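Undergrad: Coordinates in final_23.cif, mmCIF, C-alpha atoms, are listed below.
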data_protein
#
loop_
_atom_site.group_PDB
_atom_site.id
_atom_site.type_symbol
_atom_site.label_atom_id
_atom_site.label_comp_id
_atom_site.auth_asym_id
_atom_site.auth_seq_id
_atom_site.Cartn_x
_atom_site.Cartn_y
_atom_site.Cartn_z
ATOM 1 C CA MET A 163 0.000 0.000 0.000
ATOM 2 C CA GLU A 164 1.399 3.375 -0.932
ATOM 3 C CA HIS A 165 1.855 6.046 1.625
ATOM 4 C CA HIS A 166 -0.952 8.567 1.745
ATOM 5 C CA PRO A 167 0.290 11.843 3.105
ATOM 6 C CA THR A 168 -2.103 14.039 5.005
ATOM 7 C CA ILE A 169 -2.713 17.669 4.176
ATOM 8 C CA PHE A 170 -1.181 19.023 7.341
ATOM 9 C CA GLN A 171 2.485 18.259 7.701
ATOM 10 C CA ILE A 172 4.784 19.952 10.141
ATOM 11 C CA PRO A 173 8.582 19.722 9.823
ATOM 12 C CA ASN A 174 9.986 17.545 12.561
ATOM 13 C CA PHE A 175 11.182 20.079 15.086
ATOM 14 C CA LEU A 176 10.883 17.318 17.694
ATOM 15 C CA GLY A 177 14.011 15.665 16.273
ATOM 16 C CA VAL A 178 15.969 16.941 19.280
ATOM 17 C CA LEU A 179 13.820 14.634 21.432
ATOM 18 C CA GLY A 180 14.897 11.659 19.347
ATOM 19 C CA ILE A 181 11.767 11.335 17.213
ATOM 20 C CA PRO A 182 12.861 10.092 13.772
ATOM 21 C CA GLY A 183 11.683 11.243 10.359
ATOM 22 C CA ALA A 184 11.533 14.455 8.385
ATOM 23 C CA TRP A 185 7.981 15.250 9.510
ATOM 24 C CA VAL A 186 6.180 15.170 12.828
ATOM 25 C CA PRO A 187 4.308 11.824 12.947
ATOM 26 C CA GLU A 188 0.854 12.053 11.383
ATOM 27 C CA HIS A 189 -1.146 11.017 14.410
ATOM 28 C CA VAL A 190 0.608 13.669 16.497
ATOM 29 C CA THR A 191 -0.157 16.379 13.954
ATOM 30 C CA MET A 192 -3.753 15.218 13.774
ATOM 31 C CA ALA A 193 -4.031 15.173 17.567
ATOM 32 C CA TRP A 194 -2.813 18.765 17.610
ATOM 33 C CA LEU A 195 -5.360 19.617 14.941
ATOM 34 C CA VAL A 196 -8.103 18.119 17.091
ATOM 35 C CA MET A 197 -6.862 20.125 20.059
ATOM 36 C CA ALA A 198 -6.824 23.298 17.970
ATOM 37 C CA ILE A 199 -10.404 22.641 16.809
ATOM 38 C CA LEU A 200 -11.618 21.997 20.352
ATOM 39 C CA VAL A 201 -9.789 24.956 21.853
ATOM 40 C CA SER A 202 -11.047 27.399 19.238
ATOM 41 C CA LEU A 203 -14.604 26.018 19.522
ATOM 42 C CA SER A 204 -14.534 26.420 23.288
ATOM 43 C CA TYR A 205 -13.065 29.900 22.970
ATOM 44 C CA LEU A 206 -15.722 30.962 20.483
ATOM 45 C CA ALA A 207 -18.463 29.510 22.662
ATOM 46 C CA THR A 208 -17.337 31.072 25.942
ATOM 47 C CA ARG A 209 -15.940 34.365 24.658
ATOM 48 C CA LYS A 210 -18.925 36.329 25.798
ATOM 49 C CA LEU A 211 -21.297 34.297 27.922
ATOM 50 C CA GLU A 212 -24.881 35.485 27.955
ATOM 51 C CA ALA A 213 -27.980 34.522 29.866
ATOM 52 C CA VAL A 214 -29.792 34.032 26.566
ATOM 53 C CA PRO A 215 -27.191 32.021 24.659
ATOM 54 C CA GLY A 216 -26.332 32.548 21.020
ATOM 55 C CA PRO A 217 -26.178 29.557 18.654
ATOM 56 C CA MET A 218 -22.546 28.730 19.444
ATOM 57 C CA GLN A 219 -22.941 28.893 23.207
ATOM 58 C CA ASN A 220 -26.223 27.019 22.944
ATOM 59 C CA PHE A 221 -24.603 24.157 21.054
ATOM 60 C CA MET A 222 -21.737 23.805 23.513
ATOM 61 C CA GLU A 223 -24.144 23.977 26.441
ATOM 62 C CA VAL A 224 -26.132 21.105 24.975
ATOM 63 C CA VAL A 225 -22.963 19.030 24.529
ATOM 64 C CA VAL A 226 -21.650 19.676 28.022
ATOM 65 C CA GLU A 227 -25.115 19.131 29.495
ATOM 66 C CA ALA A 228 -25.360 15.759 27.745
ATOM 67 C CA PHE A 229 -22.072 14.602 29.277
ATOM 68 C CA GLY A 230 -23.119 15.932 32.679
ATOM 69 C CA ASN A 231 -26.460 14.126 32.622
ATOM 70 C CA LEU A 232 -24.809 10.899 31.544
ATOM 71 C CA LEU A 233 -22.346 11.158 34.417
ATOM 72 C CA GLU A 234 -25.105 11.782 36.940
ATOM 73 C CA GLN A 235 -27.046 8.774 35.708
ATOM 74 C CA MET A 236 -24.037 6.477 35.744
ATOM 75 C CA ILE A 237 -22.130 7.572 38.833
ATOM 76 C CA GLY A 238 -24.740 9.358 40.929
ATOM 77 C CA PRO A 239 -25.188 12.885 42.265
ATOM 78 C CA LYS A 240 -21.432 13.361 42.631
ATOM 79 C CA GLY A 241 -20.857 12.440 38.991
ATOM 80 C CA LYS A 242 -20.371 16.002 37.798
ATOM 81 C CA ARG A 243 -16.962 16.066 39.500
ATOM 82 C CA TYR A 244 -15.604 13.854 36.749
ATOM 83 C CA LEU A 245 -16.966 15.967 33.906
ATOM 84 C CA PRO A 246 -13.577 17.529 32.999
ATOM 85 C CA LEU A 247 -11.896 14.173 32.425
ATOM 86 C CA ILE A 248 -14.778 12.361 30.744
ATOM 87 C CA GLY A 249 -15.910 15.335 28.682
ATOM 88 C CA THR A 250 -12.417 16.049 27.402
ATOM 89 C CA ALA A 251 -11.721 12.441 26.515
ATOM 90 C CA GLY A 252 -15.113 12.056 24.848
ATOM 91 C CA LEU A 253 -14.874 15.228 22.776
ATOM 92 C CA PHE A 254 -11.281 14.478 21.768
ATOM 93 C CA ILE A 255 -12.176 10.971 20.618
ATOM 94 C CA LEU A 256 -15.349 12.098 18.857
ATOM 95 C CA VAL A 257 -13.690 14.902 16.903
ATOM 96 C CA GLY A 258 -10.669 12.710 16.224
ATOM 97 C CA ASN A 259 -12.801 9.865 14.873
ATOM 98 C CA LEU A 260 -14.890 12.181 12.736
ATOM 99 C CA LEU A 261 -11.745 13.676 11.174
ATOM 100 C CA GLY A 262 -11.352 10.341 9.417
ATOM 101 C CA SER A 263 -14.395 11.122 7.284
ATOM 102 C CA ILE A 264 -12.675 14.148 5.764
ATOM 103 C CA PRO A 265 -10.510 13.141 2.788
ATOM 104 C CA GLY A 266 -6.857 13.923 3.341
ATOM 105 C CA LEU A 267 -7.072 13.798 7.108
ATOM 106 C CA LYS A 268 -6.412 10.824 9.325
ATOM 107 C CA PRO A 269 -8.030 10.175 12.672
ATOM 108 C CA PRO A 270 -5.417 10.431 15.436
ATOM 109 C CA THR A 271 -7.216 7.541 17.156
ATOM 110 C CA ALA A 272 -6.162 5.203 14.326
ATOM 111 C CA ASN A 273 -2.791 4.947 16.056
ATOM 112 C CA LEU A 274 -2.276 2.787 19.130
ATOM 113 C CA ASN A 275 -0.090 5.431 20.801
ATOM 114 C CA THR A 276 -2.916 7.969 20.961
ATOM 115 C CA THR A 277 -5.502 5.524 22.265
ATOM 116 C CA ALA A 278 -3.020 4.073 24.753
ATOM 117 C CA ALA A 279 -2.367 7.565 26.076
ATOM 118 C CA LEU A 280 -6.112 8.087 26.539
ATOM 119 C CA ALA A 281 -6.636 4.711 28.174
ATOM 120 C CA ILE A 282 -3.673 5.096 30.533
ATOM 121 C CA THR A 283 -4.961 8.532 31.547
ATOM 122 C CA VAL A 284 -8.342 7.009 32.366
ATOM 123 C CA PHE A 285 -6.685 4.119 34.202
ATOM 124 C CA ILE A 286 -4.521 6.327 36.415
ATOM 125 C CA SER A 287 -7.413 8.737 37.008
ATOM 126 C CA TYR A 288 -9.931 6.156 38.162
ATOM 127 C CA ASN A 289 -7.418 4.586 40.525
ATOM 128 C CA PHE A 290 -6.625 8.057 41.848
ATOM 129 C CA PHE A 291 -10.326 8.831 42.315
ATOM 130 C CA GLY A 292 -10.826 5.537 44.117
ATOM 131 C CA ILE A 293 -7.930 6.220 46.466
ATOM 132 C CA ARG A 294 -9.128 9.783 47.037
ATOM 133 C CA GLU A 295 -12.630 8.635 47.957
ATOM 134 C CA GLN A 296 -11.789 5.618 50.115
ATOM 135 C CA GLY A 297 -8.197 6.078 51.239
ATOM 136 C CA ILE A 298 -5.410 3.832 50.018
ATOM 137 C CA VAL A 299 -6.113 1.033 52.520
ATOM 138 C CA GLY A 300 -9.840 1.026 51.858
ATOM 139 C CA TYR A 301 -9.267 1.003 48.116
ATOM 140 C CA LEU A 302 -6.718 -1.825 48.227
ATOM 141 C CA ARG A 303 -8.975 -3.835 50.512
ATOM 142 C CA HIS A 304 -11.444 -4.201 47.654
ATOM 143 C CA PHE A 305 -8.717 -5.959 45.704
ATOM 144 C CA CYS A 306 -8.474 -8.671 48.323
ATOM 145 C CA GLY A 307 -12.013 -9.964 48.164
ATOM 146 C CA PRO A 308 -14.368 -10.696 51.046
ATOM 147 C CA ILE A 309 -12.555 -13.711 52.546
ATOM 148 C CA LEU A 310 -9.281 -13.024 54.320
ATOM 149 C CA TRP A 311 -7.394 -16.268 53.666
ATOM 150 C CA LEU A 312 -8.197 -16.068 49.959
ATOM 151 C CA ALA A 313 -6.573 -12.639 49.736
ATOM 152 C CA PRO A 314 -3.185 -13.838 48.393
ATOM 153 C CA ILE A 315 -5.036 -15.466 45.489
ATOM 154 C CA MET A 316 -7.623 -12.749 44.987
ATOM 155 C CA PHE A 317 -5.135 -9.891 44.923
ATOM 156 C CA PRO A 318 -3.179 -10.929 41.791
ATOM 157 C CA ILE A 319 -6.418 -11.903 40.060
ATOM 158 C CA GLU A 320 -8.013 -8.526 40.713
ATOM 159 C CA PHE A 321 -4.747 -6.784 39.880
ATOM 160 C CA ILE A 322 -4.497 -8.497 36.502
ATOM 161 C CA GLY A 323 -8.155 -7.805 35.860
ATOM 162 C CA HIS A 324 -7.592 -4.106 36.452
ATOM 163 C CA LEU A 325 -4.483 -4.020 34.258
ATOM 164 C CA ALA A 326 -6.491 -5.595 31.439
ATOM 165 C CA ARG A 327 -8.890 -2.637 31.396
ATOM 166 C CA PRO A 328 -6.658 0.006 29.763
ATOM 167 C CA ILE A 329 -5.507 -2.594 27.232
ATOM 168 C CA SER A 330 -9.043 -3.469 26.228
ATOM 169 C CA LEU A 331 -9.990 0.233 26.120
ATOM 170 C CA SER A 332 -7.082 1.238 23.921
ATOM 171 C CA ILE A 333 -7.053 -1.767 21.593
ATOM 172 C CA ARG A 334 -10.795 -1.631 20.920
ATOM 173 C CA LEU A 335 -10.753 2.031 19.947
ATOM 174 C CA PHE A 336 -7.570 1.680 17.915
ATOM 175 C CA GLY A 337 -8.728 -1.482 16.167
ATOM 176 C CA ASN A 338 -12.099 -0.146 15.130
ATOM 177 C CA ILE A 339 -10.862 3.177 13.826
ATOM 178 C CA PHE A 340 -7.755 1.729 12.193
ATOM 179 C CA GLY A 341 -9.786 -0.980 10.466
ATOM 180 C CA GLU A 342 -12.333 1.490 9.186
ATOM 181 C CA GLU A 343 -9.533 3.764 7.979
ATOM 182 C CA SER A 344 -7.746 0.901 6.200
ATOM 183 C CA VAL A 345 -10.907 -0.153 4.373
ATOM 184 C CA ILE A 346 -11.477 3.420 3.230
ATOM 185 C CA ILE A 347 -7.877 3.750 2.008
ATOM 186 C CA ILE A 348 -8.125 0.513 0.015
ATOM 187 C CA LEU A 349 -11.457 1.538 -1.497
ATOM 188 C CA LEU A 350 -10.059 4.933 -2.467
ATOM 189 C CA SER A 351 -7.002 3.336 -4.063
ATOM 190 C CA LEU A 352 -9.374 1.352 -6.325
ATOM 191 C CA ILE A 353 -11.400 4.396 -7.219
ATOM 192 C CA TRP A 354 -10.691 4.137 -10.961
ATOM 193 C CA LEU A 355 -13.016 1.098 -10.946
ATOM 194 C CA VAL A 356 -15.896 3.573 -10.244
ATOM 195 C CA ILE A 357 -17.915 0.963 -8.318
ATOM 196 C CA PRO A 358 -15.755 1.331 -5.180
ATOM 197 C CA TYR A 359 -16.610 5.001 -5.208
ATOM 198 C CA GLY A 360 -20.281 4.099 -4.906
ATOM 199 C CA ILE A 361 -19.495 1.657 -2.140
ATOM 200 C CA TYR A 362 -17.479 4.335 -0.387
ATOM 201 C CA LEU A 363 -20.221 6.936 -0.560
ATOM 202 C CA ALA A 364 -23.154 4.628 0.108
ATOM 203 C CA ILE A 365 -21.734 2.254 2.699
ATOM 204 C CA MET A 366 -18.439 3.346 4.164
ATOM 205 C CA MET A 367 -19.283 6.972 4.878
ATOM 206 C CA PRO A 368 -22.403 6.239 6.976
ATOM 207 C CA LEU A 369 -20.664 3.261 8.527
ATOM 208 C CA SER A 370 -17.631 5.293 9.529
ATOM 209 C CA LEU A 371 -19.838 7.985 11.051
ATOM 210 C CA PHE A 372 -21.656 5.269 12.976
ATOM 211 C CA THR A 373 -18.404 3.653 14.144
ATOM 212 C CA SER A 374 -16.999 7.000 15.237
ATOM 213 C CA ILE A 375 -19.967 7.812 17.430
ATOM 214 C CA VAL A 376 -20.418 4.306 18.825
ATOM 215 C CA GLN A 377 -16.760 3.941 19.709
ATOM 216 C CA THR A 378 -16.744 7.319 21.442
ATOM 217 C CA PHE A 379 -19.797 6.271 23.395
ATOM 218 C CA ILE A 380 -18.288 2.940 24.393
ATOM 219 C CA PHE A 381 -15.047 4.534 25.551
ATOM 220 C CA VAL A 382 -16.885 7.157 27.592
ATOM 221 C CA MET A 383 -19.339 4.619 29.024
ATOM 222 C CA LEU A 384 -16.623 2.206 30.096
ATOM 223 C CA SER A 385 -14.597 5.014 31.668
ATOM 224 C CA MET A 386 -17.677 5.984 33.660
ATOM 225 C CA VAL A 387 -18.291 2.389 34.702
ATOM 226 C CA TYR A 388 -14.680 2.095 35.875
ATOM 227 C CA ILE A 389 -14.855 5.369 37.806
ATOM 228 C CA ALA A 390 -18.171 4.373 39.358
ATOM 229 C CA GLY A 391 -16.706 1.019 40.337
ATOM 230 C CA ALA A 392 -13.648 2.630 41.907
ATOM 231 C CA VAL A 393 -15.522 5.381 43.735
ATOM 232 C CA ASP A 394 -18.165 3.214 45.404
ATOM 233 C CA VAL A 395 -17.233 -0.425 45.113
ATOM 234 C CA GLY A 396 -19.604 -1.363 47.910
ATOM 235 C CA HIS A 397 -22.697 -0.268 46.007
ATOM 236 C CA GLU A 398 -21.493 -1.567 42.680
ATOM 237 C CA GLU A 399 -21.421 -5.185 43.896
ATOM 238 C CA HIS A 400 -25.172 -5.259 44.545
ATOM 239 C CA HIS A 401 -26.179 -4.517 40.950
ATOM 240 C CA MET B 12 -31.335 10.902 27.078
ATOM 241 C CA LYS B 13 -33.809 8.407 28.483
ATOM 242 C CA ASN B 14 -32.875 6.011 31.201
ATOM 243 C CA ASP B 15 -33.465 2.747 29.340
ATOM 244 C CA GLN B 16 -31.454 4.060 26.420
ATOM 245 C CA VAL B 17 -28.533 4.775 28.732
ATOM 246 C CA SER B 18 -28.685 1.300 30.205
ATOM 247 C CA LEU B 19 -28.767 -0.155 26.698
ATOM 248 C CA TRP B 20 -25.617 1.741 25.729
ATOM 249 C CA ARG B 21 -24.018 0.729 28.997
ATOM 250 C CA GLN B 22 -24.839 -2.872 28.263
ATOM 251 C CA LEU B 23 -23.360 -2.549 24.780
ATOM 252 C CA ALA B 24 -20.166 -1.049 26.172
ATOM 253 C CA GLY B 25 -19.830 -3.697 28.845
ATOM 254 C CA LEU B 26 -20.597 -6.684 26.682
ATOM 255 C CA SER B 27 -18.438 -5.545 23.779
ATOM 256 C CA SER B 28 -15.392 -5.633 26.048
ATOM 257 C CA LEU B 29 -15.860 -9.224 27.226
ATOM 258 C CA GLY B 30 -13.679 -10.994 24.696
ATOM 259 C CA ILE B 31 -10.831 -8.538 24.549
ATOM 260 C CA THR B 32 -10.631 -8.286 28.340
ATOM 261 C CA PHE B 33 -10.450 -12.054 28.614
ATOM 262 C CA ALA B 34 -7.560 -12.237 26.161
ATOM 263 C CA ALA B 35 -5.799 -9.248 27.685
ATOM 264 C CA SER B 36 -6.011 -10.770 31.178
ATOM 265 C CA ILE B 37 -4.255 -13.942 30.052
ATOM 266 C CA ALA B 38 -1.636 -11.948 28.155
ATOM 267 C CA ILE B 39 -0.924 -9.684 31.113
ATOM 268 C CA GLY B 40 -0.735 -12.600 33.529
ATOM 269 C CA SER B 41 1.746 -14.404 31.296
ATOM 270 C CA ALA B 42 3.768 -11.232 30.796
ATOM 271 C CA ILE B 43 4.059 -10.645 34.541
ATOM 272 C CA GLY B 44 5.076 -14.267 35.046
ATOM 273 C CA ILE B 45 7.713 -14.188 32.315
ATOM 274 C CA LEU B 46 9.168 -10.928 33.604
ATOM 275 C CA LEU B 47 9.280 -12.231 37.183
ATOM 276 C CA ASP B 48 11.015 -15.400 35.982
ATOM 277 C CA ARG B 49 13.547 -13.420 34.013
ATOM 278 C CA TRP B 50 14.205 -11.207 37.014
ATOM 279 C CA LEU B 51 14.431 -13.940 39.675
ATOM 280 C CA GLN B 52 15.897 -16.685 37.429
ATOM 281 C CA THR B 53 13.206 -19.156 38.522
ATOM 282 C CA SER B 54 11.942 -20.288 35.137
ATOM 283 C CA PRO B 55 9.300 -21.721 34.635
ATOM 284 C CA TRP B 56 7.481 -21.477 37.960
ATOM 285 C CA PHE B 57 6.255 -17.887 37.994
ATOM 286 C CA THR B 58 5.246 -18.160 34.351
ATOM 287 C CA ILE B 59 2.993 -21.112 35.130
ATOM 288 C CA LEU B 60 1.610 -19.532 38.303
ATOM 289 C CA PHE B 61 0.820 -16.180 36.753
ATOM 290 C CA PHE B 62 -0.557 -17.749 33.591
ATOM 291 C CA LEU B 63 -3.067 -19.509 35.824
ATOM 292 C CA PHE B 64 -3.730 -16.234 37.648
ATOM 293 C CA GLY B 65 -4.321 -14.600 34.258
ATOM 294 C CA VAL B 66 -6.810 -17.259 33.210
ATOM 295 C CA ALA B 67 -8.546 -16.974 36.573
ATOM 296 C CA ALA B 68 -8.674 -13.190 36.233
ATOM 297 C CA GLY B 69 -10.123 -13.554 32.751
ATOM 298 C CA PHE B 70 -12.877 -15.839 33.951
ATOM 299 C CA ALA B 71 -13.517 -13.729 37.046
ATOM 300 C CA THR B 72 -13.978 -10.584 34.973
ATOM 301 C CA LEU B 73 -16.076 -12.479 32.442
ATOM 302 C CA LEU B 74 -18.438 -13.816 35.109
ATOM 303 C CA LYS B 75 -18.606 -10.476 36.917
ATOM 304 C CA ASP B 76 -19.408 -8.574 33.714
ATOM 305 C CA LEU B 77 -21.954 -11.148 32.590
ATOM 306 C CA LYS B 78 -23.669 -11.004 35.950
ATOM 307 C CA ARG B 79 -23.778 -7.221 35.804
ATOM 308 C CA TRP B 80 -24.806 -6.697 32.185
ATOM 309 C CA GLY B 81 -26.063 -9.903 30.639
ATOM 310 C CA ARG B 82 -29.704 -9.858 31.624
#
Just give me the structure as structure tokens.
TA:
Amino acid sequence: MEHHPTIFQIPNFLGVLGIPGAWVPEHVTMAWLVMAILVSLSYLATRKLEAVPGPMQNFMEVVVEAFGNLLEQMIGPKGKRYLPLIGTAGLFILVGNLLGSIPGLKPPTANLNTTAALAITVFISYNFFGIREQGIVGYLRHFCGPILWLAPIMFPIEFIGHLARPISLSIRLFGNIFGEESVIIILLSLIWLVIPYGIYLAIMMPLSLFTSIVQTFIFVMLSMVYIAGAVDVGHEEHH
Amino acid sequence: MKNDQVSLWRQLAGLSSLGITFAASIAIGSAIGILLDRWLQTSPWFTILFFLFGVAAGFATLLKDLKRWGR
């Protein structure tokens, strides 16, 4: 497969840090593009806040409100505390995934490094939240299970189970977006056959929009489930 | 968003992670075991032990998730 360059390329000024190549890696450039989009959107929306919101502020309020409501339903009345983390991750993934639908751009989430960074952030955060809510002893006690003499067996099992979470988070997001991206690239490389163009427009475009939104939702949902489980393990067990 | 819709999405998220979590648990268990063996020069005991822990963790997570979401 030939190399498809993206529109935005930045000369590799990170070479001093030991990053190889003449250009900054594509997924990094695209991640910066996503950040730029989100920052400018937020700036435009909050530049002058009014009691009767304009269209821009209205839109952002709806988005933030949706995340807030979701958090309150999943975690409980204290859920709004985690809005900064979940909202940022969700918006970053959503915008990043949707960038894949624009020809010439690549979703930053189609690279395992980006998704691993997101998943590790979520992993460290939910452990931190758990420790903050219950204290380090109380949090670690949940790793040991209910029966004391089984604790040496339960602890490694729970520990491995927790370590598997960021892996499943990152690999699922990466795999779905990368697969979708690969299919689109192959279809576009066959575009002289005309039929693939129809397939691309009729099937892959709606499908990629669907995948983008569903994967964002799954990532956000699982992060919330993990945070809820860490913050009040006692209640979670009764579900 | 309505409540049943949220629980449906939650179910989708939880159930879609069953397989990959199972595999990742075994892989992580084996990795820990291999690293411990390499560090302590006790091949193959920690590998075997932590492989079993990994499998157990996989099944534990599987059963827990199924109990929580698979209604």
Undergrad: Applied to this file, what does the PyMOL selection byres ((chain A) within 10 of (chain B)) return in terms of residues, put as a PyMOL selection string?
TA: chain A and resi 228+231-232+235-236+315-331+333-334+376-377+379-387+398-401
Undergrad: If I take CA of Ala207 in chain A and CA of Asn220 in chain A, how far is one from the other in Å, to one decimal?
TA: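 The value is 8.2 Å.
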Undergrad: So how far away is CA of Leu267 in chain A from CA of Gln171 in chain A, in Å?
TA: 10.6 Å
Undergrad: Which distance in Å separates CA of Val284 in chain A and CA of Asp394 in chain A, to one decimal?
TA: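 So the answer is 16.8 Å.
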